[in-house]
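Chemist: So here's work_35.csv, just CSV, C-alpha atoms (C1' of nucleotides):
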```csv
chain,number,residue,atom,x,y,z
A,54,MET,CA,37.6,22.7,2.9
A,55,LYS,CA,40.9,23.4,1.2
A,56,LEU,CA,42.2,20.2,-0.2
A,57,VAL,CA,44.1,21.6,-3.2
A,58,SER,CA,47.7,20.6,-3.4
A,59,LEU,CA,47.5,18.2,-0.5
A,60,TYR,CA,48.5,15.4,-2.8
A,61,GLY,CA,51.5,15.1,-5.1
A,62,VAL,CA,50.4,15.7,-8.6
A,63,GLY,CA,53.0,14.0,-10.9
A,64,ARG,CA,52.0,10.4,-11.3
A,65,ASP,CA,53.1,8.0,-13.9
A,66,ASP,CA,50.3,6.6,-16.0
A,67,SER,CA,52.4,5.5,-19.0
A,68,PHE,CA,51.6,1.8,-18.6
A,69,ARG,CA,48.1,2.3,-19.6
A,70,THR,CA,46.8,0.9,-22.8
A,71,ALA,CA,43.8,1.9,-24.9
A,72,CYS,CA,40.8,-0.3,-25.3
A,73,PRO,CA,40.7,-1.8,-28.8
A,74,VAL,CA,37.0,-1.6,-28.9
A,75,CYS,CA,36.1,1.9,-27.8
A,76,GLY,CA,39.5,3.5,-27.3
A,77,ASN,CA,39.1,4.2,-23.6
A,78,THR,CA,41.8,3.6,-21.1
A,79,LEU,CA,42.0,0.1,-19.8
A,80,ILE,CA,42.4,-0.5,-16.1
A,81,GLY,CA,44.2,-3.4,-14.6
A,82,ASP,CA,42.3,-5.9,-12.6
A,83,ALA,CA,44.8,-7.2,-10.1
A,84,GLU,CA,43.0,-10.3,-8.8
A,85,LYS,CA,42.3,-11.7,-12.2
A,86,GLY,CA,45.4,-10.6,-13.9
A,87,GLU,CA,43.6,-9.0,-16.8
A,88,GLU,CA,42.7,-5.6,-18.0
A,89,VAL,CA,39.2,-4.3,-18.5
A,90,CYS,CA,37.7,-1.4,-20.2
A,91,PRO,CA,35.4,0.3,-17.7
A,92,LEU,CA,33.3,1.8,-20.4
A,93,CYS,CA,32.5,-1.0,-22.8
A,94,GLY,CA,33.6,-3.8,-20.6
A,95,TYR,CA,36.2,-5.2,-23.0
A,96,VAL,CA,38.4,-7.7,-21.3
A,97,THR,CA,41.9,-8.5,-22.6
A,98,SER,CA,41.7,-12.2,-21.8
A,99,ALA,CA,38.0,-12.9,-22.0
A,100,PRO,CA,37.2,-16.2,-20.3
A,101,ALA,CA,34.2,-16.9,-22.5
A,102,ASP,CA,35.8,-15.7,-25.7
A,103,SER,CA,33.8,-17.1,-28.7
A,104,GLY,CA,36.3,-16.2,-31.3
A,105,PRO,CA,38.2,-18.9,-33.3
A,106,GLU,CA,41.0,-20.4,-31.3
A,107,TRP,CA,43.4,-20.1,-34.2
A,108,LYS,CA,44.9,-17.2,-36.0
A,109,ALA,CA,45.5,-17.4,-39.7
A,110,MET,CA,49.1,-16.5,-40.6
A,111,ASP,CA,48.5,-16.2,-44.3
A,112,MET,CA,45.9,-16.8,-46.9
A,113,GLU,CA,46.8,-20.4,-47.4
A,114,GLU,CA,46.5,-21.3,-43.8
A,115,LYS,CA,43.3,-19.4,-43.6
A,116,ASN,CA,41.8,-21.4,-46.5
A,117,ARG,CA,43.0,-24.6,-44.9
A,118,ARG,CA,41.5,-23.9,-41.6
A,119,VAL,CA,38.4,-22.1,-42.4
A,120,ARG,CA,36.7,-25.4,-43.0
A,121,VAL,CA,36.5,-25.9,-39.2
A,122,GLY,CA,33.5,-23.6,-39.5
A,123,ALA,CA,32.3,-20.8,-37.4
A,124,PRO,CA,33.2,-21.1,-33.7
A,125,THR,CA,30.3,-22.4,-31.6
A,126,THR,CA,28.5,-19.8,-29.6
A,127,LEU,CA,26.0,-20.0,-26.8
A,128,ALA,CA,24.3,-16.9,-28.1
A,129,LEU,CA,22.7,-18.7,-31.0
A,130,HIS,CA,20.0,-21.1,-30.1
A,131,ASP,CA,21.7,-24.0,-32.0
A,132,MET,CA,25.2,-22.7,-31.0
A,133,GLY,CA,25.9,-21.9,-34.6
A,134,LEU,CA,26.0,-25.5,-35.5
A,135,THR,CA,23.7,-26.1,-38.4
A,136,THR,CA,23.6,-27.4,-41.9
A,137,GLU,CA,22.9,-24.8,-44.6
A,138,ILE,CA,21.7,-26.1,-47.9
A,139,GLY,CA,23.3,-23.9,-50.5
A,140,ARG,CA,21.4,-22.5,-53.4
A,141,SER,CA,24.1,-22.7,-56.0
A,142,GLY,CA,22.2,-25.3,-58.0
A,143,ARG,CA,25.2,-27.5,-58.5
A,144,ASP,CA,26.1,-30.9,-57.1
A,145,SER,CA,29.2,-31.8,-55.2
A,146,ARG,CA,31.3,-32.0,-58.4
A,147,GLY,CA,30.1,-28.7,-59.6
A,148,LYS,CA,27.7,-30.0,-62.2
A,149,TYR,CA,24.4,-28.2,-62.6
A,150,LEU,CA,21.4,-30.1,-61.3
A,151,ASP,CA,18.6,-30.9,-63.5
A,152,PRO,CA,15.4,-28.9,-62.9
A,153,SER,CA,13.5,-31.5,-61.1
A,154,MET,CA,16.3,-32.1,-58.6
A,155,ARG,CA,16.5,-28.3,-58.2
A,156,THR,CA,13.0,-28.0,-57.1
A,157,ASN,CA,13.6,-30.9,-54.7
A,158,MET,CA,16.5,-29.1,-53.2
A,159,GLU,CA,14.4,-26.0,-52.8
A,160,LYS,CA,11.9,-28.0,-50.8
A,161,LEU,CA,14.6,-29.6,-48.7
A,162,ARG,CA,16.1,-26.3,-47.9
A,163,LYS,CA,12.8,-25.0,-46.8
A,164,TRP,CA,12.2,-27.9,-44.4
A,165,GLN,CA,15.7,-27.7,-43.2
A,166,SER,CA,15.3,-24.1,-42.1
A,167,ARG,CA,11.9,-24.9,-40.6
A,168,SER,CA,13.0,-27.9,-38.6
A,169,ARG,CA,16.0,-25.9,-37.3
A,170,THR,CA,13.7,-24.1,-35.0
A,171,SER,CA,11.1,-26.7,-34.8
A,172,THR,CA,10.3,-27.4,-31.2
A,173,SER,CA,8.6,-24.8,-29.2
A,174,GLU,CA,11.5,-24.7,-26.7
A,175,GLU,CA,13.9,-24.1,-29.6
A,176,ARG,CA,11.8,-21.3,-31.0
A,177,GLY,CA,11.5,-19.7,-27.6
A,178,LEU,CA,15.2,-20.0,-27.1
A,179,SER,CA,16.1,-18.4,-30.3
A,180,ASN,CA,13.6,-15.7,-29.6
A,181,VAL,CA,15.0,-14.9,-26.2
A,182,LEU,CA,18.6,-15.1,-27.4
A,183,GLY,CA,17.7,-12.6,-30.1
A,184,LYS,CA,16.3,-10.2,-27.6
A,185,MET,CA,19.3,-10.7,-25.4
A,186,GLY,CA,21.6,-9.7,-28.3
A,187,GLU,CA,19.6,-6.5,-28.8
A,188,LEU,CA,19.8,-5.7,-25.2
A,189,CYS,CA,23.5,-6.3,-25.0
A,190,SER,CA,24.3,-4.1,-27.9
A,191,ALA,CA,22.0,-1.4,-26.6
A,192,LEU,CA,24.1,-1.5,-23.4
A,193,ASN,CA,27.4,-1.7,-25.3
A,194,LEU,CA,28.2,-5.0,-23.7
A,195,PRO,CA,31.1,-7.1,-24.9
A,196,ASP,CA,30.7,-10.6,-26.2
A,197,ASN,CA,31.8,-12.4,-23.1
A,198,VAL,CA,28.9,-10.8,-21.2
A,199,LYS,CA,26.5,-11.9,-23.9
A,200,GLU,CA,27.8,-15.4,-23.8
A,201,THR,CA,27.5,-15.5,-20.1
A,202,ALA,CA,24.0,-14.2,-20.3
A,203,ALA,CA,23.2,-16.9,-22.8
A,204,LYS,CA,24.7,-19.5,-20.6
A,205,ILE,CA,22.6,-18.4,-17.6
A,206,TYR,CA,19.4,-18.4,-19.7
A,207,ARG,CA,20.1,-21.9,-21.0
A,208,ASP,CA,20.5,-23.1,-17.4
A,209,SER,CA,17.4,-21.4,-16.3
A,210,ALA,CA,15.5,-22.9,-19.2
A,211,LYS,CA,16.8,-26.3,-18.3
A,212,ARG,CA,15.4,-25.9,-14.8
A,213,LYS,CA,12.1,-24.6,-16.1
A,214,VAL,CA,12.6,-21.4,-14.3
A,215,ALA,CA,11.6,-19.4,-17.4
A,216,LYS,CA,8.3,-21.1,-17.8
A,217,SER,CA,5.5,-18.7,-18.0
A,218,LYS,CA,7.8,-15.7,-17.3
A,219,SER,CA,8.0,-12.7,-19.5
A,220,ILE,CA,10.7,-12.9,-22.0
A,221,ILE,CA,11.9,-9.4,-21.7
A,222,GLY,CA,12.0,-9.8,-17.9
A,223,MET,CA,14.1,-12.9,-18.1
A,224,THR,CA,16.5,-11.4,-20.6
A,225,ALA,CA,16.9,-8.2,-18.6
A,226,ALA,CA,17.6,-10.3,-15.5
A,227,THR,CA,20.1,-12.6,-17.1
A,228,VAL,CA,21.9,-9.8,-18.8
A,229,TYR,CA,22.2,-7.9,-15.5
A,230,LEU,CA,23.4,-11.0,-13.7
A,231,ALA,CA,25.9,-11.6,-16.5
A,232,CYS,CA,27.2,-8.1,-16.1
A,233,ARG,CA,27.8,-8.7,-12.4
A,234,LYS,CA,29.4,-12.1,-13.0
A,235,CYS,CA,31.8,-10.6,-15.5
A,236,GLY,CA,32.5,-7.6,-13.4
A,237,VAL,CA,31.1,-5.2,-15.9
A,238,SER,CA,29.6,-2.2,-14.3
A,239,ARG,CA,26.1,-1.7,-15.4
A,240,THR,CA,23.4,-0.7,-12.9
A,241,LEU,CA,20.0,-2.3,-12.6
A,242,LYS,CA,18.7,1.1,-13.6
A,243,GLU,CA,20.6,1.1,-16.8
A,244,VAL,CA,19.6,-2.4,-17.8
A,245,ALA,CA,16.0,-1.6,-16.9
A,246,ARG,CA,16.1,1.5,-19.0
A,247,ALA,CA,17.6,-0.3,-22.0
A,248,ALA,CA,14.9,-3.0,-21.7
A,249,ASN,CA,12.1,-0.5,-21.3
A,250,MET,CA,11.2,-1.9,-17.9
A,251,ASP,CA,10.8,-0.5,-14.5
A,252,LYS,CA,13.6,-1.2,-12.0
A,253,GLY,CA,11.3,-3.1,-9.6
A,254,SER,CA,10.3,-5.8,-12.0
A,255,VAL,CA,13.8,-6.3,-13.3
A,256,ALA,CA,14.9,-6.7,-9.7
A,257,ARG,CA,12.2,-9.3,-9.1
A,258,TYR,CA,13.3,-11.3,-12.1
A,259,PHE,CA,16.9,-10.9,-11.1
A,260,ARG,CA,16.3,-12.3,-7.6
A,261,LEU,CA,14.4,-15.2,-9.1
A,262,VAL,CA,17.2,-16.0,-11.5
A,263,LEU,CA,19.8,-15.5,-8.8
A,264,LYS,CA,18.0,-17.9,-6.4
A,265,GLU,CA,17.0,-20.6,-8.9
A,266,VAL,CA,20.0,-20.6,-11.2
A,267,GLU,CA,23.0,-19.0,-9.8
A,268,LYS,CA,22.7,-20.3,-6.2
A,269,GLU,CA,25.4,-18.3,-4.6
A,270,TYR,CA,25.4,-14.6,-4.3
A,271,VAL,CA,27.2,-12.6,-6.9
A,272,PRO,CA,28.6,-9.4,-5.5
A,273,PRO,CA,28.0,-6.1,-7.4
A,274,PRO,CA,30.9,-4.5,-9.1
A,275,SER,CA,33.4,-2.8,-6.8
A,276,VAL,CA,33.6,0.9,-6.2
A,277,GLU,CA,36.7,1.0,-8.3
A,278,LYS,CA,34.8,-0.2,-11.3
A,279,TYR,CA,32.2,2.5,-10.7
A,280,ILE,CA,34.9,5.1,-10.5
A,281,SER,CA,36.5,4.0,-13.8
A,282,LYS,CA,33.2,4.0,-15.5
A,283,LEU,CA,32.2,7.3,-14.1
A,284,VAL,CA,35.5,8.9,-15.2
A,285,ASN,CA,35.3,7.6,-18.7
A,286,THR,CA,31.7,8.4,-19.4
A,287,ALA,CA,32.2,11.9,-18.0
A,288,LYS,CA,35.5,12.3,-19.9
A,289,ILE,CA,37.4,13.3,-16.8
A,290,ASP,CA,41.1,13.5,-16.6
A,291,PRO,CA,42.6,10.0,-16.0
A,292,LYS,CA,44.8,11.5,-13.3
A,293,VAL,CA,41.7,12.2,-11.3
A,294,GLU,CA,40.7,8.6,-11.8
A,295,ARG,CA,44.0,7.3,-10.5
A,296,LEU,CA,43.8,9.5,-7.4
A,297,ALA,CA,40.2,8.5,-6.8
A,298,LEU,CA,41.1,4.8,-7.1
A,299,SER,CA,44.0,5.1,-4.7
A,300,LEU,CA,41.8,7.0,-2.3
A,301,ALA,CA,39.1,4.3,-2.6
A,302,GLY,CA,41.7,1.6,-2.2
A,303,ARG,CA,42.8,3.0,1.2
A,304,ALA,CA,39.4,3.8,2.6
A,305,THR,CA,38.5,0.5,4.0
A,306,ASP,CA,36.9,1.8,7.1
A,307,PRO,CA,33.5,0.2,7.4
A,308,LYS,CA,32.1,3.4,8.7
A,309,ILE,CA,32.5,4.7,5.1
A,310,THR,CA,31.7,1.7,3.0
A,311,SER,CA,29.2,-0.4,4.8
A,312,GLY,CA,25.7,-0.3,3.4
A,313,LYS,CA,26.4,2.6,1.1
A,314,ALA,CA,25.6,2.5,-2.6
A,315,PRO,CA,28.8,2.1,-4.6
A,316,ALA,CA,27.7,4.7,-7.1
A,317,GLY,CA,27.5,7.4,-4.5
A,318,LEU,CA,30.9,6.5,-3.0
A,319,ALA,CA,32.5,6.5,-6.4
A,320,ALA,CA,31.0,9.9,-7.1
A,321,ALA,CA,32.4,11.2,-3.8
A,322,TYR,CA,35.9,9.9,-4.5
A,323,VAL,CA,35.9,11.4,-8.0
A,324,TYR,CA,34.6,14.7,-6.7
A,325,LEU,CA,37.2,14.9,-4.0
A,326,SER,CA,39.9,13.9,-6.3
A,327,SER,CA,39.0,16.6,-8.8
A,328,VAL,CA,39.0,19.1,-6.0
A,329,MET,CA,42.5,18.0,-5.0
A,330,TYR,CA,43.8,18.5,-8.5
A,331,GLY,CA,42.2,21.9,-8.6
A,332,ALA,CA,40.1,20.7,-11.5
A,333,HIS,CA,37.0,21.4,-9.6
A,334,LEU,CA,34.1,19.6,-11.3
A,335,PRO,CA,30.8,20.7,-10.0
A,336,GLN,CA,29.1,18.3,-7.6
A,337,ARG,CA,26.1,18.6,-9.9
A,338,GLU,CA,27.9,17.0,-12.8
A,339,VAL,CA,29.6,14.2,-10.9
A,340,ALA,CA,26.3,13.3,-9.3
A,341,GLU,CA,24.6,13.3,-12.7
A,342,PHE,CA,27.1,11.0,-14.3
A,343,ALA,CA,27.0,8.7,-11.3
A,344,GLU,CA,23.2,8.8,-11.3
A,345,VAL,CA,22.9,9.8,-7.7
A,346,THR,CA,21.9,13.1,-6.1
A,347,GLU,CA,24.2,15.9,-5.0
A,348,VAL,CA,23.0,15.2,-1.4
A,349,THR,CA,24.3,11.7,-1.6
A,350,VAL,CA,27.6,12.9,-3.0
A,351,ARG,CA,27.9,15.4,-0.1
A,352,ASN,CA,27.0,12.9,2.5
A,353,ARG,CA,29.6,10.4,1.2
A,354,CYS,CA,32.2,13.2,1.1
A,355,ARG,CA,31.4,14.0,4.7
A,356,ASP,CA,31.8,10.4,5.7
A,357,ILE,CA,35.0,10.1,4.0
A,358,LEU,CA,36.4,13.4,5.3
A,359,GLU,CA,35.4,12.6,8.8
A,360,ASN,CA,36.6,9.1,9.0
A,361,PHE,CA,39.4,8.9,6.6
A,362,VAL,CA,42.9,9.4,6.0
A,363,ILE,CA,43.1,12.6,4.2
A,364,ARG,CA,44.1,14.1,7.5
A,365,GLN,CA,46.4,11.3,8.5
A,366,GLU,CA,48.0,10.4,5.2
A,367,PHE,CA,47.6,13.1,2.7
A,368,SER,CA,48.0,16.2,4.7
A,369,PRO,CA,51.6,17.5,5.2
A,370,ALA,CA,50.5,18.8,8.6
A,371,LYS,CA,50.2,15.4,10.2
B,24,DA,C1',4.4,-7.1,6.5
B,25,DT,C1',7.9,-4.5,9.1
B,26,DG,C1',11.5,-1.8,10.9
B,27,DG,C1',16.0,0.1,10.2
B,28,DT,C1',18.9,2.2,7.0
B,29,DT,C1',20.0,4.8,2.8
B,30,DT,C1',18.7,7.8,-0.9
B,31,DT,C1',15.9,11.3,-2.8
B,32,DT,C1',13.1,15.4,-2.8
B,33,DA,C1',12.5,20.0,-1.7
B,34,DC,C1',13.8,23.9,0.4
B,35,DT,C1',16.9,27.4,2.7
B,36,DG,C1',21.1,30.1,3.7
B,37,DC,C1',25.8,31.6,2.6
B,38,DG,C1',29.7,33.3,-0.1
B,39,DT,C1',31.5,34.5,-4.6
B,40,DC,C1',32.0,35.9,-9.4
C,22,DG,C1',21.3,37.7,-9.6
C,23,DA,C1',23.1,33.2,-10.8
C,24,DC,C1',25.9,29.7,-9.3
C,25,DG,C1',28.2,26.3,-6.5
C,26,DC,C1',28.1,24.5,-2.0
C,27,DG,C1',26.5,22.9,2.6
C,28,DG,C1',22.8,21.7,5.6
C,29,DT,C1',18.1,19.8,7.1
C,30,DA,C1',13.5,17.4,7.4
C,31,DA,C1',10.4,14.5,5.5
C,32,DA,C1',9.2,11.2,1.9
C,33,DA,C1',10.5,7.3,-0.7
C,34,DA,C1',13.2,3.3,-1.7
C,35,DC,C1',15.8,-0.5,-0.3
C,36,DC,C1',16.9,-4.6,2.4
C,37,DA,C1',16.9,-8.3,5.8
C,38,DT,C1',13.9,-10.4,8.6
```
Represent the structure contained in this file as structure tokens.
Modeler:
Amino acid sequence: MKLVSLYGVGRDDSFRTACPVCGNTLIGDAEKGEEVCPLCGYVTSAPADSGPEWKAMDMEEKNRRVRVGAPTTLALHDMGLTTEIGRSGRDSRGKYLDPSMRTNMEKLRKWQSRSRTSTSEERGLSNVLGKMGELCSALNLPDNVKETAAKIYRDSAKRKVAKSKSIIGMTAATVYLACRKCGVSRTLKEVARAANMDKGSVARYFRLVLKEVEKEYVPPPSVEKYISKLVNTAKIDPKVERLALSLAGRATDPKITSGKAPAGLAAAYVYLSSVMYGAHLPQREVAEFAEVTEVTVRNRCRDILENFVIRQEFSPAK
DNA sequence: ATGGTTTTTACTGCGTC
DNA sequence: GACGCGGTAAAAACCAT
């Protein structure tokens, strides 16, 4: 199999920008008109962005506007809306309170913070959302995924789906579903690993949540997403990524794609592309980063080479 | 539960550095 | 001889029914 130099090498990748979060190369997402970072999942125009909707132009403006308070967020059980009773010991005009009033305020504060998470549902919610936050940061997920996960969990709680279900199971399932909804490529395996669960039970919870809350099927991330992620985590030359992506974009033959695990396909494209550039990554490594076996990589390669265009479109001979 | 499909496991042979 | 690669058979995992 001699594929080297079948494909033109000089390609322009100057339009690429770097991810502000982790510094990786962003890839464009044509359908949605946004750019995403395949490694950390950062999206340039995040739909569920929880940041403040204003931008302070100078200190004065900041001071004026800061009183609108923190932006609401679904990832906190009370959406970040709560009254804090300060401990400054002064009244509204800045005068010091007398000692008896101070002890009163102490009591009030105590009860305020207690009542904040008073009902059992509220306590459960804040517990789950906390776990969810941990899981998200363990997986390096961006905020929009966290918000989506929180939204899903709230819905499921509303419908009593979460009743008498393991907390960690529900969080793992919602986080995984959120990844898929946001198009962030994290495998069930990865989520399960981060949550210290086995794949099977996460899958069970996931199906449950999918059926009860999400109703319609959410497709797993595309092969292209897998390719980008693979290239970035393995620190492969972006040129290889671009070739792999263009290859994947053209290989629409169902003989190649149907029923095949996207991770394996992505690995095959990346491997083939690296060979074409003469950058010869060992199958071993590509397979390892894609979390599939060499055998799978080989089989996918065989499918691609048998059915696909490398002969028709990429070879000068034909 | 089941059967069909895909992936993994485990092993072997070949060529090259 | 170690390494990368290709292949195969059988087991395991997955998925729709």
Chemist: Should the cut-off be 12 Å, what would the residue list for chain A against chain B look like, counting only C-alpha atoms (C1' of nucleotides), as a ChimeraX atom specification?
Modeler: /A:311-317,344-353
Chemist: Using all atoms listed in the file, what does the table of chain C residues within 9 Å of chain A look like, with each row giving the shortest atom pair and its distance in Å to one decimal, sorted by chain and ascending number, as a tab-separated table?
Modeler:
```
residue	atom	partner	partner_atom	distance
C:DG25	C1'	A:Pro335	CA	7.1
C:DC26	C1'	A:Gln336	CA	8.4
C:DG27	C1'	A:Arg351	CA	8.1
```
Chemist: What gap, in Å, lies between CA of Glu200 (chain A) and CA of Arg260 (chain A)?
Modeler: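 Straight-line distance from CA of Glu200 (chain A) to CA of Arg260 (chain A) works out to 20.1 Å.
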Chemist: Within 10 Å of Ala256 (chain A), counting all atoms listed in the file, which residues show up once you throw out same-chain ones fewer than 5 positions away? Write them as a PyMOL selection string, please.
Modeler: chain A and resi 222+225-226+229+241-242+245+251+261-262
Chemist: Please save C-alpha atoms of the selected residues as an mmCIF file, in the coordinates of the input.
Modeler:
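To be explicit, this is the file written out as result.cif:
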```cif
data_model
loop_
_atom_site.group_PDB
_atom_site.id
_atom_site.type_symbol
_atom_site.label_atom_id
_atom_site.label_comp_id
_atom_site.auth_asym_id
_atom_site.auth_seq_id
_atom_site.Cartn_x
_atom_site.Cartn_y
_atom_site.Cartn_z
ATOM 1 C CA GLY A 222 12.000 -9.800 -17.900
ATOM 2 C CA ALA A 225 16.900 -8.200 -18.600
ATOM 3 C CA ALA A 226 17.600 -10.300 -15.500
ATOM 4 C CA TYR A 229 22.200 -7.900 -15.500
ATOM 5 C CA LEU A 241 20.000 -2.300 -12.600
ATOM 6 C CA LYS A 242 18.700 1.100 -13.600
ATOM 7 C CA ALA A 245 16.000 -1.600 -16.900
ATOM 8 C CA ASP A 251 10.800 -0.500 -14.500
ATOM 9 C CA LEU A 261 14.400 -15.200 -9.100
ATOM 10 C CA VAL A 262 17.200 -16.000 -11.500
#
```
Chemist: Using Å and a single decimal, report how far CA of Lys199 (chain A) sits from CA of Lys268 (chain A).
Modeler: 20.0 Å
Chemist: Record the distance separating CA of Arg212 (chain A) and CA of Arg239 (chain A), expressed in Å with one decimal.
Modeler: 26.5 Å
Chemist: Give the answer as one residue: which of A:Val244, A:Ala287, A:Val266, A:Leu325 has the shortest atom-to-atom distance to Phe342 (chain A), using only C-alpha atoms?
Modeler: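 Going through A:Val244, A:Ala287, A:Val266, A:Leu325 one by one, the smallest distance to Phe342 (chain A) is for A:Ala287.
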Chemist: Kindly add N, CA, C and O atoms to the incomplete region 208-219 of chain A and provide the output as a PDB file, in the coordinates of the input.
Modeler:
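This is the output file selection.pdb:
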```pdb
ATOM      1  N   ASP A 208      20.689 -22.356 -18.684  1.00  0.00           N
ATOM      2  CA  ASP A 208      20.500 -23.100 -17.400  1.00  0.00           C
ATOM      3  C   ASP A 208      19.133 -22.886 -16.848  1.00  0.00           C
ATOM      4  O   ASP A 208      18.502 -23.848 -16.398  1.00  0.00           O
ATOM      5  N   SER A 209      18.676 -21.647 -16.884  1.00  0.00           N
ATOM      6  CA  SER A 209      17.400 -21.400 -16.300  1.00  0.00           C
ATOM      7  C   SER A 209      16.267 -22.080 -17.096  1.00  0.00           C
ATOM      8  O   SER A 209      15.288 -22.567 -16.539  1.00  0.00           O
ATOM      9  N   ALA A 210      16.456 -22.155 -18.413  1.00  0.00           N
ATOM     10  CA  ALA A 210      15.500 -22.900 -19.200  1.00  0.00           C
ATOM     11  C   ALA A 210      15.468 -24.336 -18.894  1.00  0.00           C
ATOM     12  O   ALA A 210      14.419 -24.970 -18.821  1.00  0.00           O
ATOM     13  N   LYS A 211      16.654 -24.861 -18.655  1.00  0.00           N
ATOM     14  CA  LYS A 211      16.800 -26.300 -18.300  1.00  0.00           C
ATOM     15  C   LYS A 211      16.027 -26.574 -17.019  1.00  0.00           C
ATOM     16  O   LYS A 211      15.413 -27.610 -16.858  1.00  0.00           O
ATOM     17  N   ARG A 212      16.096 -25.653 -16.119  1.00  0.00           N
ATOM     18  CA  ARG A 212      15.400 -25.900 -14.800  1.00  0.00           C
ATOM     19  C   ARG A 212      13.999 -25.380 -14.817  1.00  0.00           C
ATOM     20  O   ARG A 212      13.402 -25.225 -13.759  1.00  0.00           O
ATOM     21  N   LYS A 213      13.502 -25.054 -15.978  1.00  0.00           N
ATOM     22  CA  LYS A 213      12.100 -24.600 -16.100  1.00  0.00           C
ATOM     23  C   LYS A 213      11.791 -23.356 -15.320  1.00  0.00           C
ATOM     24  O   LYS A 213      10.650 -23.118 -14.972  1.00  0.00           O
ATOM     25  N   VAL A 214      12.816 -22.608 -15.020  1.00  0.00           N
ATOM     26  CA  VAL A 214      12.600 -21.400 -14.300  1.00  0.00           C
ATOM     27  C   VAL A 214      11.835 -20.380 -15.175  1.00  0.00           C
ATOM     28  O   VAL A 214      10.972 -19.638 -14.736  1.00  0.00           O
ATOM     29  N   ALA A 215      12.167 -20.444 -16.463  1.00  0.00           N
ATOM     30  CA  ALA A 215      11.600 -19.400 -17.400  1.00  0.00           C
ATOM     31  C   ALA A 215      10.209 -19.702 -17.800  1.00  0.00           C
ATOM     32  O   ALA A 215       9.614 -18.903 -18.506  1.00  0.00           O
ATOM     33  N   LYS A 216       9.679 -20.827 -17.361  1.00  0.00           N
ATOM     34  CA  LYS A 216       8.300 -21.100 -17.800  1.00  0.00           C
ATOM     35  C   LYS A 216       7.333 -20.070 -17.318  1.00  0.00           C
ATOM     36  O   LYS A 216       7.345 -19.667 -16.160  1.00  0.00           O
ATOM     37  N   SER A 217       6.528 -19.662 -18.273  1.00  0.00           N
ATOM     38  CA  SER A 217       5.500 -18.700 -18.000  1.00  0.00           C
ATOM     39  C   SER A 217       6.031 -17.407 -17.361  1.00  0.00           C
ATOM     40  O   SER A 217       5.421 -16.844 -16.474  1.00  0.00           O
ATOM     41  N   LYS A 218       7.222 -17.006 -17.806  1.00  0.00           N
ATOM     42  CA  LYS A 218       7.800 -15.700 -17.300  1.00  0.00           C
ATOM     43  C   LYS A 218       7.914 -14.828 -18.565  1.00  0.00           C
ATOM     44  O   LYS A 218       8.080 -15.315 -19.675  1.00  0.00           O
ATOM     45  N   SER A 219       7.846 -13.543 -18.317  1.00  0.00           N
ATOM     46  CA  SER A 219       8.000 -12.700 -19.500  1.00  0.00           C
ATOM     47  C   SER A 219       9.366 -12.723 -20.047  1.00  0.00           C
ATOM     48  O   SER A 219      10.358 -12.787 -19.331  1.00  0.00           O
TER      49      SER A 219
END
```
